[in-house]
file input_12.cif (mmCIF, C-alpha atoms and all ligand atoms)
data_query
#
loop_
_atom_site.label_atom_id
_atom_site.label_comp_id
_atom_site.auth_asym_id
_atom_site.auth_seq_id
_atom_site.Cartn_x
_atom_site.Cartn_y
_atom_site.Cartn_z
CA MET A 1 0.00 0.00 0.00
CA GLN A 2 1.14 3.54 -0.68
CA ALA A 3 1.49 5.98 2.18
CA ALA A 4 -1.20 8.61 2.69
CA PRO A 5 -0.80 11.01 -0.30
CA THR A 6 -0.65 14.14 1.85
CA PRO A 7 -0.73 14.40 5.63
CA VAL A 8 -4.12 13.42 7.01
CA GLY A 9 -3.13 13.19 10.68
CA GLY A 10 -5.23 14.96 13.25
CA ARG A 11 -8.47 14.17 11.41
CA THR A 12 -11.15 11.89 12.82
CA VAL A 13 -12.91 8.94 11.22
CA LEU A 14 -16.17 7.68 12.69
CA LEU A 15 -16.14 3.99 11.80
CA ILE A 16 -19.41 2.03 11.89
CA VAL A 17 -18.80 -1.70 12.17
CA CYS A 18 -21.73 -3.81 10.99
CA GLY A 19 -22.35 -7.55 11.22
CA GLY A 20 -20.63 -9.67 8.62
CA ILE A 21 -17.94 -12.31 8.56
CA ALA A 22 -15.56 -9.65 7.12
CA ALA A 23 -15.93 -7.50 10.27
CA TYR A 24 -12.68 -8.89 11.64
CA LYS A 25 -10.84 -7.06 8.82
CA THR A 26 -11.86 -3.72 10.32
CA LEU A 27 -9.29 -4.35 13.04
CA GLU A 28 -6.55 -4.19 10.42
CA LEU A 29 -8.19 -1.12 8.89
CA ILE A 30 -8.13 0.63 12.27
CA ARG A 31 -4.43 -0.13 12.61
CA LEU A 32 -3.69 1.41 9.21
CA LEU A 33 -5.71 4.51 10.00
CA THR A 34 -4.29 5.14 13.46
CA ARG A 35 -0.75 4.54 12.17
CA ALA A 36 -1.35 7.40 9.68
CA GLY A 37 -2.20 9.66 12.64
CA LEU A 38 -5.97 9.51 12.27
CA ARG A 39 -8.24 9.41 15.26
CA VAL A 40 -10.76 6.59 14.95
CA ARG A 41 -14.05 6.48 16.87
CA THR A 42 -16.08 3.30 16.48
CA VAL A 43 -19.76 2.46 16.53
CA LEU A 44 -20.60 -1.23 16.80
CA THR A 45 -24.01 -2.57 15.72
CA ALA A 46 -25.70 -5.44 17.55
CA ALA A 47 -24.89 -7.77 14.62
CA GLY A 48 -21.32 -6.45 14.42
CA LYS A 49 -20.86 -7.47 18.03
CA GLN A 50 -21.32 -11.10 16.98
CA PHE A 51 -18.09 -10.83 14.97
CA VAL A 52 -15.81 -8.39 16.83
CA THR A 53 -15.80 -7.42 20.47
CA PRO A 54 -16.10 -3.88 21.82
CA LEU A 55 -12.96 -4.60 23.81
CA SER A 56 -10.81 -5.19 20.72
CA LEU A 57 -12.11 -2.01 19.07
CA GLN A 58 -11.49 -0.04 22.24
CA ALA A 59 -7.99 -1.44 22.63
CA LEU A 60 -7.03 -0.56 19.05
CA THR A 61 -8.57 2.90 18.94
CA GLY A 62 -7.97 3.90 22.54
CA GLU A 63 -11.49 5.33 22.45
CA LYS A 64 -14.87 4.46 23.88
CA VAL A 65 -16.98 2.24 21.58
CA TYR A 66 -20.52 3.50 20.97
CA GLU A 67 -23.25 0.86 20.76
CA ASP A 68 -26.61 2.07 22.00
CA LEU A 69 -29.01 4.68 20.75
CA PHE A 70 -30.78 4.79 24.08
CA SER A 71 -27.80 4.63 26.42
CA LEU A 72 -28.09 7.36 29.01
CA THR A 73 -24.36 7.17 29.62
CA ASP A 74 -23.58 7.70 25.94
CA GLU A 75 -26.11 10.49 25.58
CA ASN A 76 -24.69 12.19 28.63
CA GLU A 77 -21.17 12.05 27.28
CA MET A 78 -22.08 12.94 23.71
CA GLY A 79 -25.55 13.13 22.15
CA HIS A 80 -26.08 11.03 19.02
CA ILE A 81 -26.41 14.13 16.84
CA ALA A 82 -23.06 15.45 18.10
CA LEU A 83 -21.54 11.99 17.56
CA SER A 84 -22.81 11.90 13.96
CA ARG A 85 -20.87 15.10 13.26
CA SER A 86 -17.82 14.36 15.35
CA GLY A 87 -15.70 12.91 12.54
CA ASP A 88 -14.39 14.34 9.27
CA LEU A 89 -15.69 11.23 7.52
CA LEU A 90 -18.13 8.42 8.37
CA VAL A 91 -17.02 4.99 7.19
CA VAL A 92 -19.29 1.93 7.20
CA CYS A 93 -17.19 -1.24 7.17
CA PRO A 94 -18.32 -3.84 6.42
CA ALA A 95 -21.46 -2.37 4.85
CA THR A 96 -24.02 -5.18 4.80
CA ALA A 97 -27.01 -5.42 2.45
CA ASP A 98 -29.12 -4.57 5.47
CA ILE A 99 -27.40 -1.29 6.42
CA MET A 100 -27.36 -0.22 2.76
CA ALA A 101 -31.12 -0.83 2.56
CA ARG A 102 -31.72 1.06 5.78
CA MET A 103 -29.54 3.97 4.64
CA ALA A 104 -31.36 4.14 1.31
CA ALA A 105 -34.75 4.07 3.07
CA GLY A 106 -33.69 6.65 5.66
CA LEU A 107 -34.44 4.42 8.65
CA ALA A 108 -33.18 5.41 12.08
CA ASP A 109 -33.95 2.48 14.36
CA ASP A 110 -30.52 1.93 15.90
CA LEU A 111 -27.46 4.02 16.62
CA ALA A 112 -25.67 3.30 13.31
CA SER A 113 -28.65 4.13 11.06
CA THR A 114 -29.50 7.20 13.14
CA LEU A 115 -25.96 8.56 12.84
CA LEU A 116 -25.98 7.96 9.10
CA LEU A 117 -29.25 9.85 8.77
CA ALA A 118 -28.26 12.71 11.10
CA THR A 119 -24.75 13.34 9.85
CA ASP A 120 -23.71 16.36 7.81
CA LYS A 121 -20.34 14.74 7.00
CA PRO A 122 -19.33 12.71 3.94
CA VAL A 123 -19.95 8.97 4.07
CA LEU A 124 -17.89 6.13 2.61
CA ILE A 125 -19.10 2.53 2.59
CA ALA A 126 -17.16 -0.71 2.04
CA PRO A 127 -19.83 -3.31 1.13
CA ALA A 128 -19.40 -7.02 1.86
CA MET A 129 -22.04 -9.69 1.41
CA ASN A 130 -22.92 -12.91 -0.41
CA VAL A 131 -22.72 -12.57 -4.20
CA ARG A 132 -26.47 -13.19 -4.71
CA MET A 133 -27.33 -10.56 -2.12
CA TRP A 134 -25.01 -8.11 -3.88
CA ASP A 135 -26.44 -8.90 -7.32
CA HIS A 136 -30.04 -8.67 -6.10
CA ALA A 137 -32.03 -5.90 -7.77
CA ALA A 138 -32.92 -4.47 -4.35
CA THR A 139 -29.26 -4.10 -3.32
CA GLN A 140 -28.29 -2.66 -6.71
CA ALA A 141 -31.16 -0.13 -6.50
CA ASN A 142 -30.08 0.84 -2.99
CA LEU A 143 -26.50 1.20 -4.18
CA ALA A 144 -27.60 3.51 -7.00
CA THR A 145 -29.65 5.60 -4.55
CA LEU A 146 -26.71 5.94 -2.16
CA ARG A 147 -24.27 6.85 -4.94
CA ALA A 148 -26.71 9.45 -6.25
CA ARG A 149 -26.72 11.00 -2.77
CA GLY A 150 -22.94 11.30 -2.81
CA VAL A 151 -22.04 8.25 -0.72
CA MET A 152 -18.57 6.99 -1.70
CA VAL A 153 -18.20 3.25 -2.29
CA VAL A 154 -15.04 1.10 -2.07
CA GLY A 155 -15.33 -2.43 -3.42
CA PRO A 156 -16.61 -5.04 -3.14
CA GLU A 157 -13.98 -7.26 -4.74
CA ILE A 158 -14.57 -10.36 -6.79
CA GLY A 159 -13.34 -13.58 -5.24
CA LEU A 160 -14.08 -16.62 -3.16
CA MET A 161 -16.22 -15.79 -0.17
CA ALA A 162 -16.70 -17.29 3.26
CA CYS A 163 -19.90 -18.97 2.00
CA ASN A 164 -17.81 -20.77 -0.67
CA GLU A 165 -19.41 -18.90 -3.57
CA THR A 166 -17.36 -16.86 -5.98
CA GLY A 167 -18.25 -13.46 -7.40
CA PRO A 168 -18.50 -9.83 -6.35
CA GLY A 169 -19.22 -9.34 -2.65
CA ARG A 170 -15.89 -9.74 -0.89
CA LEU A 171 -14.87 -6.81 1.32
CA ALA A 172 -12.15 -4.69 -0.29
CA GLU A 173 -8.77 -5.27 1.35
CA PRO A 174 -8.12 -2.94 4.32
CA PRO A 175 -5.20 -1.16 2.54
CA ALA A 176 -7.51 -0.28 -0.36
CA ILE A 177 -10.18 1.04 2.03
CA ALA A 178 -7.53 3.00 3.96
CA GLU A 179 -6.24 4.51 0.74
CA ALA A 180 -9.73 5.65 -0.25
CA ILE A 181 -10.07 7.28 3.17
CA PHE A 182 -6.67 8.98 2.91
CA ARG A 183 -7.47 10.20 -0.58
CA HIS A 184 -10.73 11.74 0.55
CA LEU A 185 -9.24 13.40 3.65
CA ALA A 186 -6.26 14.76 1.74
CA GLU A 187 -8.45 16.67 -0.68
CA PRO A 188 -8.10 20.35 0.12
CA ALA A 189 -11.03 21.86 1.96
CA ILE A 190 -13.24 24.24 0.01
CA PRO A 191 -11.76 27.70 0.63
CA GLY A 192 -14.19 29.89 2.54
CA PRO A 193 -14.33 33.65 3.10
CA LEU A 194 -11.93 33.29 6.08
CA ALA A 195 -9.34 31.22 4.18
CA GLY A 196 -5.85 32.44 5.07
CA ARG A 197 -7.01 33.98 8.38
CA HIS A 198 -5.95 32.70 11.78
CA ALA A 199 -8.60 32.74 14.52
CA LEU A 200 -7.94 32.23 18.22
CA VAL A 201 -10.90 31.14 20.36
CA THR A 202 -11.02 30.65 24.13
CA ALA A 203 -13.70 28.41 25.64
CA GLY A 204 -14.89 26.73 28.81
CA PRO A 205 -14.29 27.50 32.45
CA THR A 206 -10.95 27.61 34.17
CA HIS A 207 -10.13 25.56 37.25
CA GLU A 208 -8.16 27.39 39.90
CA PRO A 209 -6.58 24.95 42.36
CA ILE A 210 -6.97 25.29 46.11
CA ASP A 211 -4.93 22.18 46.88
CA PRO A 212 -4.11 19.03 44.85
CA VAL A 213 -7.72 17.79 45.02
CA ARG A 214 -9.89 20.92 45.19
CA TYR A 215 -10.44 23.84 42.84
CA LEU A 216 -12.61 26.90 42.16
CA ALA A 217 -14.67 26.66 38.97
CA ASN A 218 -17.88 27.85 37.31
CA ARG A 219 -20.79 26.34 35.37
CA SER A 220 -19.59 27.09 31.83
CA SER A 221 -19.96 24.07 29.49
CA GLY A 222 -17.67 25.51 26.79
CA ARG A 223 -20.32 24.75 24.17
CA GLN A 224 -20.62 28.26 22.74
CA GLY A 225 -16.86 28.65 22.29
CA TYR A 226 -16.53 25.20 20.69
CA GLU A 227 -19.35 26.04 18.28
CA VAL A 228 -17.67 29.35 17.38
CA ALA A 229 -14.36 27.54 16.72
CA GLN A 230 -16.16 25.03 14.49
CA ALA A 231 -18.11 27.73 12.63
CA LEU A 232 -14.96 29.79 11.94
CA ALA A 233 -13.18 26.67 10.65
CA ALA A 234 -16.16 25.93 8.41
CA LEU A 235 -15.66 29.34 6.79
CA GLY A 236 -12.03 28.47 6.03
CA ALA A 237 -10.16 30.00 9.00
CA ARG A 238 -7.23 28.23 10.62
CA VAL A 239 -8.47 27.97 14.19
CA THR A 240 -6.59 27.61 17.47
CA LEU A 241 -8.94 26.73 20.32
CA VAL A 242 -7.65 27.23 23.87
CA SER A 243 -10.01 25.37 26.14
CA GLY A 244 -10.48 25.02 29.86
CA PRO A 245 -11.67 21.66 31.24
CA VAL A 246 -14.88 20.62 29.41
CA ASP A 247 -16.67 17.40 28.42
CA LEU A 248 -16.89 18.09 24.71
CA PRO A 249 -15.36 16.32 21.72
CA PRO A 250 -12.64 18.35 19.97
CA PRO A 251 -14.12 20.24 17.00
CA THR A 252 -12.93 18.90 13.67
CA GLY A 253 -10.20 20.70 11.77
CA VAL A 254 -9.27 22.87 14.76
CA THR A 255 -6.02 22.90 16.76
CA LEU A 256 -6.94 22.35 20.39
CA HIS A 257 -4.84 23.35 23.42
CA ARG A 258 -6.22 22.19 26.73
CA VAL A 259 -5.45 24.24 29.83
CA GLU A 260 -6.68 24.35 33.41
CA THR A 261 -6.02 27.77 34.90
CA ALA A 262 -6.44 31.34 33.69
CA ARG A 263 -2.70 31.85 33.79
CA GLN A 264 -2.16 28.82 31.54
CA MET A 265 -4.91 30.08 29.23
CA LEU A 266 -3.20 33.44 28.85
CA ALA A 267 0.16 31.78 28.13
CA ALA A 268 -1.42 29.49 25.48
CA CYS A 269 -3.17 32.49 23.85
CA ARG A 270 0.03 34.51 23.71
CA ASP A 271 1.80 31.49 22.19
CA ALA A 272 -0.87 31.30 19.48
CA LEU A 273 -0.28 34.88 18.29
CA PRO A 274 -0.22 36.40 15.74
CA CYS A 275 -3.82 35.97 14.69
CA ASP A 276 -6.37 37.99 12.75
CA ILE A 277 -9.37 37.22 14.93
CA ALA A 278 -9.67 36.55 18.67
CA VAL A 279 -12.95 35.40 20.18
CA CYS A 280 -12.85 35.12 23.97
CA ALA A 281 -15.79 32.93 24.92
CA ALA A 282 -14.14 31.40 27.98
CA ALA A 283 -15.66 31.95 31.42
CA VAL A 284 -12.31 32.74 32.98
CA ALA A 285 -12.26 32.67 36.78
CA ASP A 286 -11.69 36.19 38.06
CA TRP A 287 -9.45 35.06 40.90
CA HIS A 288 -7.07 32.32 41.91
CA VAL A 289 -6.02 31.21 45.36
CA ALA A 290 -3.00 33.17 46.54
CA ALA A 291 -1.13 30.30 48.11
CA GLU A 292 -2.12 26.98 46.54
CA ALA A 293 -1.50 24.22 49.08
CA THR A 294 0.85 21.53 47.82
CA ARG A 295 -0.81 18.94 50.08
CA LYS A 296 -4.48 18.26 50.70
CA ILE A 297 -5.80 20.69 53.33
CA LYS A 298 -7.01 18.57 56.29
CA LYS A 299 -9.81 19.30 58.74
CA THR A 300 -8.58 19.82 62.26
CA ALA A 301 -11.10 19.17 65.01
CA GLY A 302 -12.17 22.38 66.70
CA ALA A 303 -10.17 24.62 64.33
CA LEU A 304 -11.78 27.27 62.12
CA PRO A 305 -12.19 26.40 58.41
CA PRO A 306 -9.26 27.66 56.33
CA ALA A 307 -9.57 31.18 54.93
CA LEU A 308 -8.86 31.44 51.21
CA THR A 309 -7.07 34.54 50.04
CA LEU A 310 -7.89 35.27 46.40
CA VAL A 311 -5.83 37.32 43.99
CA PRO A 312 -6.98 38.57 40.55
CA ASN A 313 -6.33 36.52 37.44
CA PRO A 314 -4.94 38.13 34.31
CA ASP A 315 -7.63 39.43 31.97
CA ILE A 316 -7.01 37.57 28.72
CA LEU A 317 -9.49 39.58 26.65
CA ALA A 318 -7.99 42.88 27.82
CA ASP A 319 -4.50 41.52 27.20
CA LEU A 320 -5.31 40.50 23.60
CA SER A 321 -7.07 43.85 23.00
CA THR A 322 -4.05 45.92 24.04
CA PRO A 323 -2.85 47.98 21.05
CA GLY A 324 0.42 46.72 19.63
CA PRO A 325 1.89 44.95 16.61
CA ASN A 326 0.31 41.62 17.65
CA ARG A 327 -3.19 42.93 18.31
CA PRO A 328 -5.68 40.91 16.21
CA ALA A 329 -7.60 42.99 13.67
CA LEU A 330 -10.86 41.95 15.34
CA VAL A 331 -11.21 41.08 19.04
CA VAL A 332 -14.59 39.78 20.21
CA GLY A 333 -15.46 39.31 23.86
CA PHE A 334 -18.43 37.75 25.58
CA ALA A 335 -20.21 39.29 28.54
CA ALA A 336 -22.05 37.09 30.98
CA GLU A 337 -24.45 39.32 32.91
CA THR A 338 -27.36 38.86 35.28
CA ASP A 339 -28.83 42.39 35.15
CA THR A 340 -28.86 45.48 32.90
CA VAL A 341 -27.18 43.27 30.32
CA GLU A 342 -26.74 45.76 27.51
CA GLN A 343 -25.37 48.57 29.70
CA HIS A 344 -22.94 46.32 31.55
CA ALA A 345 -21.75 44.73 28.32
CA ALA A 346 -21.28 48.07 26.56
CA ALA A 347 -19.21 49.29 29.49
CA LYS A 348 -17.19 46.05 29.38
CA ARG A 349 -16.43 46.57 25.68
CA LEU A 350 -14.90 49.95 26.43
CA ALA A 351 -13.12 48.82 29.61
CA LYS A 352 -11.48 45.84 27.92
CA GLY A 353 -10.73 47.59 24.63
CA CYS A 354 -12.23 44.86 22.44
CA ASP A 355 -14.10 45.59 19.21
CA TRP A 356 -17.30 43.62 19.71
CA ILE A 357 -19.04 42.14 22.72
CA VAL A 358 -21.52 39.29 22.61
CA ALA A 359 -23.69 39.88 25.66
CA ASN A 360 -25.87 37.27 27.28
CA ASP A 361 -28.14 37.02 30.25
CA VAL A 362 -26.91 34.20 32.48
CA ARG A 363 -29.54 34.35 35.19
CA PRO A 364 -30.26 30.69 36.10
CA GLU A 365 -33.86 30.95 34.88
CA THR A 366 -32.65 31.66 31.30
CA GLY A 367 -30.98 28.21 31.18
CA ILE A 368 -28.20 29.72 29.04
CA MET A 369 -25.17 28.90 31.18
CA GLY A 370 -24.51 25.21 30.55
CA GLY A 371 -27.56 24.97 28.21
CA MET A 372 -27.94 24.42 24.45
CA GLU A 373 -29.46 27.79 23.55
CA ASN A 374 -28.38 31.39 23.75
CA GLU A 375 -30.01 34.79 23.39
CA ILE A 376 -27.50 37.49 22.69
CA ILE A 377 -27.07 41.18 22.10
CA LEU A 378 -24.20 41.93 19.73
CA ILE A 379 -22.54 45.22 20.64
CA THR A 380 -20.19 46.76 18.10
CA GLY A 381 -18.86 50.29 17.59
CA ASP A 382 -22.05 50.94 15.59
CA GLY A 383 -24.54 50.06 18.34
CA ALA A 384 -26.42 47.10 19.81
CA GLU A 385 -28.39 44.37 18.02
CA GLN A 386 -30.73 41.99 19.84
CA TRP A 387 -30.73 38.51 18.25
CA PRO A 388 -33.66 36.14 18.84
CA ARG A 389 -33.13 33.10 21.09
CA MET A 390 -31.53 30.28 19.06
CA GLY A 391 -29.28 27.24 19.42
CA LYS A 392 -25.64 27.90 20.31
CA GLN A 393 -24.64 26.40 16.95
CA ASP A 394 -26.80 28.97 15.11
CA VAL A 395 -25.39 31.81 17.22
CA ALA A 396 -21.91 30.60 16.27
CA THR A 397 -22.76 30.37 12.56
CA HIS A 398 -24.22 33.89 12.45
CA LEU A 399 -21.31 35.29 14.46
CA ALA A 400 -18.76 33.62 12.15
CA GLU A 401 -20.59 35.07 9.16
CA ARG A 402 -20.50 38.55 10.72
CA ILE A 403 -16.78 38.09 11.27
CA ALA A 404 -16.35 37.03 7.64
CA ALA A 405 -18.28 40.12 6.53
CA PHE A 406 -15.96 42.29 8.67
CA PHE A 407 -12.98 41.07 6.64
CA THR A 408 -14.77 40.79 3.29
CA PRO A 409 -17.56 43.41 3.29
CA ASP A 410 -19.22 41.96 0.20
CA PHE A 411 -19.42 38.48 1.80
CA SER A 412 -22.97 37.33 2.38
CA SER A 413 -24.23 33.85 3.20
CA GLY A 414 -27.69 34.97 2.14
CA ARG A 415 -28.97 33.93 5.59
CA SER A 416 -30.75 36.47 7.75
CA ILE A 417 -30.91 36.50 11.54
CA SER A 418 -34.56 35.99 12.44
N1 LIG A 501 -12.27 37.41 30.31
C1 LIG A 501 -10.93 37.10 30.13
N2 LIG A 501 -10.12 36.98 31.21
C2 LIG A 501 -10.61 37.17 32.47
C3 LIG A 501 -11.97 37.47 32.64
C4 LIG A 501 -12.78 37.58 31.55
O1 LIG A 501 -10.51 36.91 28.99
N3 LIG A 501 -9.79 37.04 33.48
C5 LIG A 501 -13.10 37.60 29.13
C6 LIG A 501 -14.18 36.56 28.91
O2 LIG A 501 -13.69 35.51 28.10
C7 LIG A 501 -15.24 37.37 28.21
C8 LIG A 501 -15.10 38.76 28.79
O3 LIG A 501 -13.79 38.82 29.32
O4 LIG A 501 -14.98 37.48 26.85
C9 LIG A 501 -16.05 39.13 29.88
O5 LIG A 501 -16.12 38.11 30.85
P1 LIG A 501 -17.14 38.22 32.06
O6 LIG A 501 -16.96 37.03 32.94
O7 LIG A 501 -18.50 38.53 31.55
O8 LIG A 501 -16.69 39.53 32.78
P2 LIG A 501 -15.55 39.83 33.78
O9 LIG A 501 -14.44 40.49 33.06
O10 LIG A 501 -15.20 38.60 34.53
O11 LIG A 501 -16.27 40.91 34.70
P3 LIG A 501 -17.38 40.71 35.81
O12 LIG A 501 -17.13 39.38 36.45
O13 LIG A 501 -17.17 41.86 36.70
O14 LIG A 501 -18.71 40.78 35.11
#
call {"tool": "encode", "arguments": {"input": "input_12.cif", "output": "structure tokens", "more": "lines below"}}
Ligand code: CTP
result
Amino acid sequence: MQAAPTPVGGRTVLLIVCGGIAAYKTLELIRLLTRAGLRVRTVLTAAGKQFVTPLSLQALTGEKVYEDLFSLTDENEMGHIALSRSGDLLVVCPATADIMARMAAGLADDLASTLLLATDKPVLIAPAMNVRMWDHAATQANLATLRARGVMVVGPEIGLMACNETGPGRLAEPPAIAEAIFRHLAEPAIPGPLAGRHALVTAGPTHEPIDPVRYLANRSSGRQGYEVAQALAALGARVTLVSGPVDLPPPTGVTLHRVETARQMLAACRDALPCDIAVCAAAVADWHVAAEATRKIKKTAGALPPALTLVPNPDILADLSTPGPNRPALVVGFAAETDTVEQHAAAKRLAKGCDWIVANDVRPETGIMGGMENEIILITGDGAEQWPRMGKQDVATHLAERIAAFFTPDFSSGRSIS
């Protein structure tokens, strides 16, 4: 097999393993993909489980194996919609006659079929089945439907099959499937209006240690910042995401730096400069503990609880907004407020020296902090705009488009905010 034509490392493949005697070959496929630097997440169908074990997939990928549509644990960690979009490419291997029929019909009665219906990512299938099943008019019609919808197909090969019949239906060899995957991933992304621009995004909370086991934190989920990073990348920007501790999958096509404290976040942001755009969506803790204990602080009977002395953290947004040769052309801050949102946010924009502020009302009853939706006021030098309540992904898309229009005034996605 040839090596990957151009570097594909750092990308993610979501591999759906269905039930067929050829399923064991996916283990070799995973090895080829991970050796090329790809991250592989696997989904195992109930039938697939009869041929390969979740344990072998987990051992080879180093990742959790997803199996159930209705698993509360899985949904808690990552919803099935997020999972369907968490890879750069979905690969079905082996693709049985059954999964092809269910894909063609648009069924969504298990995790694999639901992901294939919900995804907005390209899909590649590697069919494998008995020759008569492959030749059947139903399978051939399904194949034509899938191809017409843009599904890529590798194989099957002609040869002797496990059922002792000869003909087309044998799974393509893992190196051939790997090559098709490499070829697809190496194709240059469609250049967007932010192509050639570098965007820095901060996201999530920071954790400020008290002692080796305790820390100060806040309720930020990081979702809005991750969505902004993804939306900027989708418009062609090279994106560096500096993230505090969150439970979110890394956005695709984005360079992720994980940090814990505000001081580490500032250092990572400075390291990422120069950039054209900075979006500070992180809920940075305002203070850290003056003297972090190196050992766990113990209770002493009868003694008063320890007093924590807090000292201010650096202000990352203000730091990035400071005029100088490295100041990004556009600095966007967020303002989390619980009262007089617009006034507080407008004052924050001036105090921090950023260009735009995305203000939101984080009173607990709004459900915004840690939730899926957001309702924002965008404050720029030209005034304030109230946006209707919408999903955090939509907020991110509209914000990224506004940023694109800042750099390319005649850019328009044709989408209005309503
Ligand atoms: N921010 C930052 N560094 C800090 C504090 C805040 O970069 N140490 C950024 C946030 O990422 C956000 C903006 O500043 O873009 C405003 O954050 P917010 O928490 O709303 O305001 P604070 O500056 O913390 O002010 P206050 O707590 O008084 O509202």
call {"tool": "residues_around", "arguments": {"input": "input_12.cif", "residues": "region 232-238 of chain A", "least_positions_apart": "5", "cutoff": "8 Å", "atoms": "all atoms listed in the file", "output": "list of chain:residue names"}}
result
A:Ala189, A:Ile190, A:Pro191, A:Gly192, A:Pro193, A:Leu194, A:Ala195, A:Gly196, A:Arg197, A:His198, A:Ala199, A:Gly253, A:Val254, A:Thr397, A:Ala400, A:Glu401, A:Ala404
call {"tool": "residues_near_ligand", "arguments": {"input": "input_12.cif", "ligand": "ligand LIG 501 (chain A)", "cutoff": "7 Å", "atoms": "all atoms listed in the file", "output": "short mmCIF file (atom, residue, chain, number, x, y, z; two decimals) with C-alpha atoms, in the frame of the given file"}}
result
data_model
loop_
_atom_site.label_atom_id
_atom_site.label_comp_id
_atom_site.auth_asym_id
_atom_site.auth_seq_id
_atom_site.Cartn_x
_atom_site.Cartn_y
_atom_site.Cartn_z
CA THR A 202 -11.02 30.65 24.13
CA ALA A 262 -6.44 31.34 33.69
CA CYS A 280 -12.85 35.12 23.97
CA ALA A 281 -15.79 32.93 24.92
CA ALA A 282 -14.14 31.40 27.98
CA ALA A 283 -15.66 31.95 31.42
CA VAL A 284 -12.31 32.74 32.98
CA ALA A 285 -12.26 32.67 36.78
CA ASP A 286 -11.69 36.19 38.06
CA ASN A 313 -6.33 36.52 37.44
CA PRO A 314 -4.94 38.13 34.31
CA ASP A 315 -7.63 39.43 31.97
CA ILE A 316 -7.01 37.57 28.72
CA LEU A 317 -9.49 39.58 26.65
CA ALA A 318 -7.99 42.88 27.82
CA GLY A 333 -15.46 39.31 23.86
CA PHE A 334 -18.43 37.75 25.58
CA ALA A 335 -20.21 39.29 28.54
CA ALA A 336 -22.05 37.09 30.98
CA GLU A 337 -24.45 39.32 32.91
#
call {"tool": "residues_around", "arguments": {"input": "input_12.cif", "residues": "Leu308 (chain A)", "least_positions_apart": "2", "cutoff": "8 Å", "atoms": "all atoms listed in the file", "output": "PDB file with C-alpha atoms, in the frame of the given file"}}
result
ATOM      1  CA  VAL A 289      -6.020  31.210  45.360  1.00  0.00           C
ATOM      2  CA  ALA A 290      -3.000  33.170  46.540  1.00  0.00           C
ATOM      3  CA  PRO A 306      -9.260  27.660  56.330  1.00  0.00           C
ATOM      4  CA  LEU A 310      -7.890  35.270  46.400  1.00  0.00           C
TER       5      LEU A 310
END
call {"tool": "atom_distance", "arguments": {"input": "input_12.cif", "atom1": "CA of Arg11 (chain A)", "atom2": "CA of Leu111 (chain A)"}}
result
22.2 Å
call {"tool": "atom_distance", "arguments": {"input": "input_12.cif", "atom1": "CA of Pro245 (chain A)", "atom2": "CA of Glu260 (chain A)"}}
result
6.1 Å
call {"tool": "closest_residue", "arguments": {"input": "input_12.cif", "among": "A:Glu375, A:Pro175, A:His80, A:Leu117", "to": "Leu27 (chain A)", "atoms": "all atoms listed in the file"}}
result
A:Pro175
call {"tool": "closest_residue", "arguments": {"input": "input_12.cif", "among": "A:Ile403, A:Asn326, A:Val259, A:Arg170", "to": "Asp355 (chain A)", "atoms": "only C-alpha atoms"}}
result
A:Ile403
call {"tool": "closest_residue", "arguments": {"input": "input_12.cif", "among": "A:Leu44, A:Leu350, A:Ile158, A:Ala176", "to": "Val92 (chain A)", "atoms": "all atoms listed in the file"}}
result
A:Leu44
call {"tool": "atom_distance", "arguments": {"input": "input_12.cif", "atom1": "CA of Pro251 (chain A)", "atom2": "CA of Ala229 (chain A)"}}
result
7.3 Å
call {"tool": "closest_residue", "arguments": {"input": "input_12.cif", "among": "A:Val151, A:Val311, A:Leu29, A:Ile210", "to": "Thr294 (chain A)", "atoms": "all atoms listed in the file"}}
result
A:Ile210
call {"tool": "axis_aligned_box", "arguments": {"input": "input_12.cif", "around": "region 283-296 of chain A", "padding_each_side": "6 Å", "output": "AutoDock Vina command-line options"}}
result
--center_x -7.4 --center_y 27.2 --center_z 41.1 --size_x 28.5 --size_y 29.9 --size_z 31.3
call {"tool": "residues_around", "arguments": {"input": "input_12.cif", "residues": "region 272-275 of chain A", "least_positions_apart": "4", "cutoff": "12 Å", "atoms": "only C-alpha atoms", "output": "number ranges by chain"}}
result
A: 196-202, 237-242, 255-257, 265-268, 279, 319-321, 324-331
call {"tool": "closest_residue", "arguments": {"input": "input_12.cif", "among": "A:Ala141, A:Ala95, A:Met129, A:Ile81", "to": "Gly167 (chain A)", "atoms": "all atoms listed in the file"}}
result
A:Met129
call {"tool": "closest_residue", "arguments": {"input": "input_12.cif", "among": "A:Ala138, A:Met103, A:Ile368, A:Val131", "to": "Gly159 (chain A)", "atoms": "all atoms listed in the file"}}
result
A:Val131
call {"tool": "residues_around", "arguments": {"input": "input_12.cif", "residues": "Leu15 (chain A)", "least_positions_apart": "5", "cutoff": "10 Å", "atoms": "all atoms listed in the file", "output": "CSV table (one decimal) with C-alpha atoms, keeping the file's coordinate frame"}}
result
chain,number,residue,atom,x,y,z
A,26,THR,CA,-11.9,-3.7,10.3
A,29,LEU,CA,-8.2,-1.1,8.9
A,30,ILE,CA,-8.1,0.6,12.3
A,40,VAL,CA,-10.8,6.6,15.0
A,41,ARG,CA,-14.0,6.5,16.9
A,42,THR,CA,-16.1,3.3,16.5
A,43,VAL,CA,-19.8,2.5,16.5
A,44,LEU,CA,-20.6,-1.2,16.8
A,65,VAL,CA,-17.0,2.2,21.6
A,87,GLY,CA,-15.7,12.9,12.5
A,89,LEU,CA,-15.7,11.2,7.5
A,90,LEU,CA,-18.1,8.4,8.4
A,91,VAL,CA,-17.0,5.0,7.2
A,92,VAL,CA,-19.3,1.9,7.2
A,93,CYS,CA,-17.2,-1.2,7.2
A,94,PRO,CA,-18.3,-3.8,6.4
A,112,ALA,CA,-25.7,3.3,13.3
A,123,VAL,CA,-20.0,9.0,4.1
A,124,LEU,CA,-17.9,6.1,2.6
A,125,ILE,CA,-19.1,2.5,2.6
